[in-house]
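Data block for start.pdb (PDB, C-alpha atoms and all ligand atoms):
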```
MODEL        1
ATOM      1  CA  SER A   1       5.890  25.673  14.067
ATOM      2  CA  ALA A   2       3.288  22.924  13.999
ATOM      3  CA  PRO A   3       3.382  20.480  16.915
ATOM      4  CA  ASP A   4       4.721  16.996  16.275
ATOM      5  CA  LEU A   5       2.187  14.463  15.179
ATOM      6  CA  ALA A   6       2.479  10.923  16.539
ATOM      7  CA  LEU A   7       1.598   7.815  14.587
ATOM      8  CA  THR A   8       2.845   4.271  14.127
ATOM      9  CA  VAL A   9       4.563   3.345  10.884
ATOM     10  CA  ASN A  10       5.453  -0.272  10.179
ATOM     11  CA  GLY A  11       5.085  -1.099  13.845
ATOM     12  CA  ARG A  12       7.324   1.670  15.149
ATOM     13  CA  PRO A  13       6.163   4.869  16.823
ATOM     14  CA  VAL A  14       7.193   7.966  14.869
ATOM     15  CA  ARG A  15       6.739  11.675  15.363
ATOM     16  CA  VAL A  16       6.440  13.894  12.328
ATOM     17  CA  ASN A  17       6.781  17.631  12.169
ATOM     18  CA  ALA A  18       4.912  18.745   9.066
ATOM     19  CA  ALA A  19       1.863  20.802   8.214
ATOM     20  CA  PRO A  20      -1.255  18.805   9.176
ATOM     21  CA  ALA A  21      -2.593  18.967   5.618
ATOM     22  CA  THR A  22       0.544  17.368   4.148
ATOM     23  CA  PRO A  23      -0.414  14.237   2.200
ATOM     24  CA  LEU A  24       0.623  11.075   4.023
ATOM     25  CA  LEU A  25       2.422   9.960   0.845
ATOM     26  CA  TYR A  26       4.805  12.930   1.062
ATOM     27  CA  VAL A  27       5.480  12.262   4.734
ATOM     28  CA  LEU A  28       6.263   8.612   4.045
ATOM     29  CA  ARG A  29       8.536   9.300   1.095
ATOM     30  CA  ASN A  30      10.150  12.601   2.036
ATOM     31  CA  ASP A  31      10.250  12.594   5.837
ATOM     32  CA  LEU A  32      10.504   8.886   6.599
ATOM     33  CA  GLY A  33      12.427   7.645   3.550
ATOM     34  CA  LEU A  34       9.841   4.978   2.731
ATOM     35  CA  VAL A  35       9.679   5.161  -1.045
ATOM     36  CA  GLY A  36       7.737   1.943  -1.728
ATOM     37  CA  ALA A  37       4.452   3.826  -2.107
ATOM     38  CA  LYS A  38       4.596   5.684  -5.416
ATOM     39  CA  PHE A  39       3.278   9.014  -6.638
ATOM     40  CA  GLY A  40       1.179   8.305  -9.709
ATOM     41  CA  CYS A  41      -1.715  10.716 -10.122
ATOM     42  CA  GLY A  42      -1.705  12.541  -6.797
ATOM     43  CA  GLN A  43      -5.507  12.611  -6.937
ATOM     44  CA  GLY A  44      -6.617   9.340  -5.429
ATOM     45  CA  LEU A  45      -7.277   7.751  -8.803
ATOM     46  CA  CYS A  46      -4.489   5.305  -9.651
ATOM     47  CA  GLY A  47      -3.701   3.429  -6.430
ATOM     48  CA  ALA A  48       0.102   3.544  -6.792
ATOM     49  CA  CYS A  49       0.337   5.168  -3.347
ATOM     50  CA  THR A  50      -1.864   2.639  -1.507
ATOM     51  CA  VAL A  51      -0.907   1.836   2.096
ATOM     52  CA  LEU A  52      -2.730   0.269   5.018
ATOM     53  CA  VAL A  53      -4.150   2.506   7.717
ATOM     54  CA  ASP A  54      -5.355   0.306  10.568
ATOM     55  CA  ASP A  55      -5.625  -2.581   8.041
ATOM     56  CA  GLN A  56      -7.677  -0.611   5.519
ATOM     57  CA  ALA A  57      -6.251   0.121   2.067
ATOM     58  CA  LEU A  58      -6.136   3.895   1.565
ATOM     59  CA  ARG A  59      -4.599   6.136  -1.070
ATOM     60  CA  SER A  60      -1.882   7.941   0.827
ATOM     61  CA  CYS A  61      -1.777  10.845  -1.654
ATOM     62  CA  ASP A  62      -5.322  11.585  -0.594
ATOM     63  CA  VAL A  63      -4.927  11.238   3.183
ATOM     64  CA  PRO A  64      -3.775  14.300   5.135
ATOM     65  CA  LEU A  65      -1.274  13.742   7.904
ATOM     66  CA  TRP A  66      -3.742  14.883  10.575
ATOM     67  CA  ALA A  67      -6.101  12.050   9.640
ATOM     68  CA  VAL A  68      -3.593   9.380  10.660
ATOM     69  CA  ALA A  69      -2.665  10.817  14.062
ATOM     70  CA  GLY A  70      -2.530   7.934  16.525
ATOM     71  CA  LYS A  71      -3.175   5.379  13.790
ATOM     72  CA  SER A  72      -1.107   2.520  12.487
ATOM     73  CA  VAL A  73       0.247   2.843   8.946
ATOM     74  CA  THR A  74       1.774  -0.085   7.075
ATOM     75  CA  THR A  75       3.714   0.375   3.854
ATOM     76  CA  VAL A  76       5.036  -2.337   1.574
ATOM     77  CA  GLU A  77       8.360  -2.064   3.424
ATOM     78  CA  GLY A  78       6.672  -3.161   6.643
ATOM     79  CA  LEU A  79       4.272  -5.762   5.275
ATOM     80  CA  ALA A  80       6.480  -8.732   6.148
ATOM     81  CA  GLY A  81       7.721  -7.351   9.464
ATOM     82  CA  ASP A  82      11.249  -8.567  10.108
ATOM     83  CA  GLY A  83      10.559 -11.974   8.594
ATOM     84  CA  PRO A  84      10.999 -13.357   5.079
ATOM     85  CA  PRO A  85       9.036 -11.704   2.256
ATOM     86  CA  HIS A  86       5.255 -11.767   2.724
ATOM     87  CA  PRO A  87       3.413 -14.514   0.769
ATOM     88  CA  LEU A  88       2.040 -11.822  -1.546
ATOM     89  CA  GLN A  89       5.546 -10.548  -2.284
ATOM     90  CA  GLN A  90       6.772 -14.088  -2.929
ATOM     91  CA  ALA A  91       3.797 -14.794  -5.197
ATOM     92  CA  PHE A  92       4.320 -11.583  -7.185
ATOM     93  CA  VAL A  93       7.917 -12.643  -7.819
ATOM     94  CA  HIS A  94       6.892 -16.189  -8.691
ATOM     95  CA  GLU A  95       4.219 -15.088 -11.155
ATOM     96  CA  GLN A  96       6.428 -12.274 -12.502
ATOM     97  CA  ALA A  97       3.536  -9.962 -11.810
ATOM     98  CA  ALA A  98       5.373  -6.756 -12.614
ATOM     99  CA  GLN A  99       6.433  -5.210 -15.869
ATOM    100  CA  CYS A 100       7.545  -1.676 -15.053
ATOM    101  CA  GLY A 101       6.671  -2.259 -11.393
ATOM    102  CA  TYR A 102       5.355   1.207 -10.651
ATOM    103  CA  CYS A 103       1.954  -0.064  -9.551
ATOM    104  CA  THR A 104       3.288  -3.093  -7.650
ATOM    105  CA  ALA A 105       3.478  -1.749  -4.101
ATOM    106  CA  GLY A 106      -0.037  -0.357  -4.359
ATOM    107  CA  MET A 107      -1.329  -3.619  -5.810
ATOM    108  CA  ILE A 108       0.269  -5.618  -3.022
ATOM    109  CA  MET A 109      -1.137  -3.363  -0.318
ATOM    110  CA  SER A 110      -4.645  -3.465  -1.800
ATOM    111  CA  ALA A 111      -4.338  -7.247  -1.988
ATOM    112  CA  ALA A 112      -3.071  -7.397   1.606
ATOM    113  CA  ALA A 113      -6.156  -5.541   2.793
ATOM    114  CA  LEU A 114      -8.340  -7.945   0.821
ATOM    115  CA  LEU A 115      -6.673 -11.032   2.307
ATOM    116  CA  LYS A 116      -7.014  -9.620   5.816
ATOM    117  CA  ARG A 117     -10.778  -9.343   5.471
ATOM    118  CA  GLN A 118     -11.208 -12.335   3.166
ATOM    119  CA  PRO A 119      -8.389 -14.915   3.353
ATOM    120  CA  ARG A 120      -9.718 -17.088   0.489
ATOM    121  CA  PRO A 121     -11.174 -14.646  -2.022
ATOM    122  CA  ALA A 122     -12.798 -15.750  -5.243
ATOM    123  CA  ARG A 123     -11.252 -14.473  -8.462
ATOM    124  CA  ALA A 124     -14.108 -11.982  -8.827
ATOM    125  CA  ASP A 125     -13.343 -10.595  -5.367
ATOM    126  CA  ILE A 126      -9.701 -10.103  -6.328
ATOM    127  CA  VAL A 127     -10.611  -8.375  -9.560
ATOM    128  CA  GLN A 128     -13.038  -6.138  -7.690
ATOM    129  CA  ALA A 129     -10.512  -5.304  -4.971
ATOM    130  CA  LEU A 130      -8.023  -4.161  -7.633
ATOM    131  CA  GLU A 131     -10.536  -2.333  -9.764
ATOM    132  CA  ARG A 132      -9.153   1.049  -8.781
ATOM    133  CA  ASN A 133      -5.469   0.080  -8.949
ATOM    134  CA  LEU A 134      -4.279   0.932 -12.433
ATOM    135  CA  CYS A 135      -1.535  -0.892 -14.337
ATOM    136  CA  ARG A 136      -0.539   0.609 -17.653
ATOM    137  CA  CYS A 137       1.547  -2.398 -18.653
ATOM    138  CA  GLY A 138      -1.486  -4.691 -18.753
ATOM    139  CA  THR A 139      -0.116  -7.027 -16.093
ATOM    140  CA  HIS A 140      -3.449  -7.526 -14.338
ATOM    141  CA  PRO A 141      -3.838 -11.217 -15.295
ATOM    142  CA  ARG A 142      -0.506 -12.073 -13.655
ATOM    143  CA  ILE A 143      -1.305  -9.912 -10.649
ATOM    144  CA  VAL A 144      -4.595 -11.736 -10.138
ATOM    145  CA  ARG A 145      -2.779 -15.082 -10.466
ATOM    146  CA  ALA A 146      -0.210 -13.974  -7.892
ATOM    147  CA  ILE A 147      -2.915 -13.062  -5.396
ATOM    148  CA  GLU A 148      -4.654 -16.391  -5.989
ATOM    149  CA  ARG A 149      -1.319 -18.120  -5.320
ATOM    150  CA  ALA A 150      -0.740 -16.157  -2.110
ATOM    151  CA  ALA A 151      -4.229 -17.003  -0.889
ATOM    152  CA  ALA A 152      -4.022 -20.698  -1.720
TER     153      ALA A 152
HETATM  154 FE1  LIG B 201      -2.382   8.306  -5.032
HETATM  155 FE2  LIG B 201      -2.598   7.935  -7.679
HETATM  156  S1  LIG B 201      -0.890   8.665  -6.523
HETATM  157  S2  LIG B 201      -3.995   7.377  -6.134
ENDMDL
END
```
Since I need it in another form, could you write the structure as structure tokens?
Ligand code: FES
Amino acid sequence: SAPDLALTVNGRPVRVNAAPATPLLYVLRNDLGLVGAKFGCGQGLCGACTVLVDDQALRSCDVPLWAVAGKSVTTVEGLAGDGPPHPLQQAFVHEQAAQCGYCTAGMIMSAAALLKRQPRPARADIVQALERNLCRCGTHPRIVRAIERAAA
């Protein structure tokens, strides 16, 4: 069988025994029970599966397990650590920035990556950062407001 692959997920070291080409999304959801990242398109197009890999927003459906060996993966479950909800999570609740909610985790993780590299983004930066995160409910205006609130 394939050797175990070591990585860090939400600050904890984990070892995964799966084929190296397995999409990270499947490992997170099926092997590690972290179901915050969602399967939308499975082709890197919708952003529902977005997680942080070493602070960069990546589409986990499009990242093979081998590519994250030794790296640090953060999912929406780990964004706040053991503390209270992350400011982005609080702002999404406050602005009611979800309708069906399927895109929410991916939106929050894309926004988290943006705020890490740019703590006070302009509205245009927020819109650009979310350009490839799709929301079928049309909730983008509230999502942008929530990110502005979290960054304020
Ligand atoms: Fe990964 Fe759509 S499920 S981008």
| Care to translate the PyMOL selection byres (((chain A and resi 79-83) around 10) and not hetatm) into actual residues of this file, as a VMD selection string? | chain A and resid 10 to 11 51 to 52 74 to 78 84 to 89 108 to 109 112
| query | For ligand LIG 201 (chain B), which of A:Val127, A:Leu25, A:Cys49, A:Leu7 is the closest residue, counting all atoms listed in the file? | reply |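 Between A:Val127, A:Leu25, A:Cys49, A:Leu7, the residue approaching ligand LIG 201 (chain B) most closely is A:Cys49.
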| What do you get, as a ChimeraX atom specification, if you spell out every residue that the PyMOL selection byres (((chain A and resi 26-42) around 7) and not hetatm) selects here? | /A:22-25,43-46,48-50,61,75-77,102,105-106
| message | Using Å and a single decimal, report how far CA of Met107 in chain A sits from CA of Arg132 in chain A. | response |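 Value for the CA of Arg132 in chain A-CA of Met107 in chain A distance: 9.6 Å.
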| Leaving out Ala91 in chain A and any residue of its chain fewer than 2 positions from it, which residues lie within 8 Å of it when counting all atoms listed in the file, given as a list in words? |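 The residues satisfying every condition are Pro87, Leu88, Gln89, Val93, His94, Glu95, Ala146, Ile147, Arg149 and Ala150 of chain A.
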| remark: Residue with the minimum atom-to-atom distance to Leu130 in chain A, picked from A:Ser110, A:Gln118, A:Thr8, A:Ser60 with only C-alpha atoms counted, is A:Ser110
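With CA of Pro20 in chain A on one side and CA of Asp62 in chain A on the other, the separation reads 12.8 Å.
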If you take every atom of range 40-44 of chain A that the file lists and fit an axis-aligned box around them with 5 Å extra on each side, what centre and edge lengths come out in Å to one decimal, as lines of an AutoDock Vina configuration file?
```
center_x = -2.7
center_y = 10.5
center_z = -7.8
size_x = 17.8
size_y = 14.3
size_z = 14.7
```
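Of the listed residues A:Pro121, A:Pro141, A:Gly47, A:Gly70, the one whose atoms come nearest to ligand LIG 201 (chain B) is A:Gly47, with distances taken using all atoms listed in the file.
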| query | Hey, what's within 10 Å of Ala69 in chain A if we count only C-alpha atoms and toss same-chain stuff fewer than 3 positions away? As a ChimeraX atom specification, please? | reply | /A:4-8,15-16,20,64-66,72-73
| message | Taking only C-alpha atoms and all ligand atoms into account, name the residue in A:Ile143, A:Ala122, A:Ala152, A:Leu134 that is nearest to ligand LIG 201 (chain B). | response |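 Among A:Ile143, A:Ala122, A:Ala152, A:Leu134, it is A:Leu134 that comes nearest to ligand LIG 201 (chain B).
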| Gap from CA of Ala129 in chain A to CA of Pro13 in chain A - Å, one decimal |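 We find that CA of Ala129 in chain A and CA of Pro13 in chain A lie 29.3 Å from each other.
Across A:Leu115, A:Cys100, A:Cys135, A:Val9, the tightest approach to ligand LIG 201 (chain B) is made by A:Cys135 when counting only C-alpha atoms and all ligand atoms.
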| Closest to ligand LIG 201 (chain B) among A:Ala97, A:Cys103, A:Ala67, A:Ala19, using only C-alpha atoms and all ligand atoms? | A:Cys103
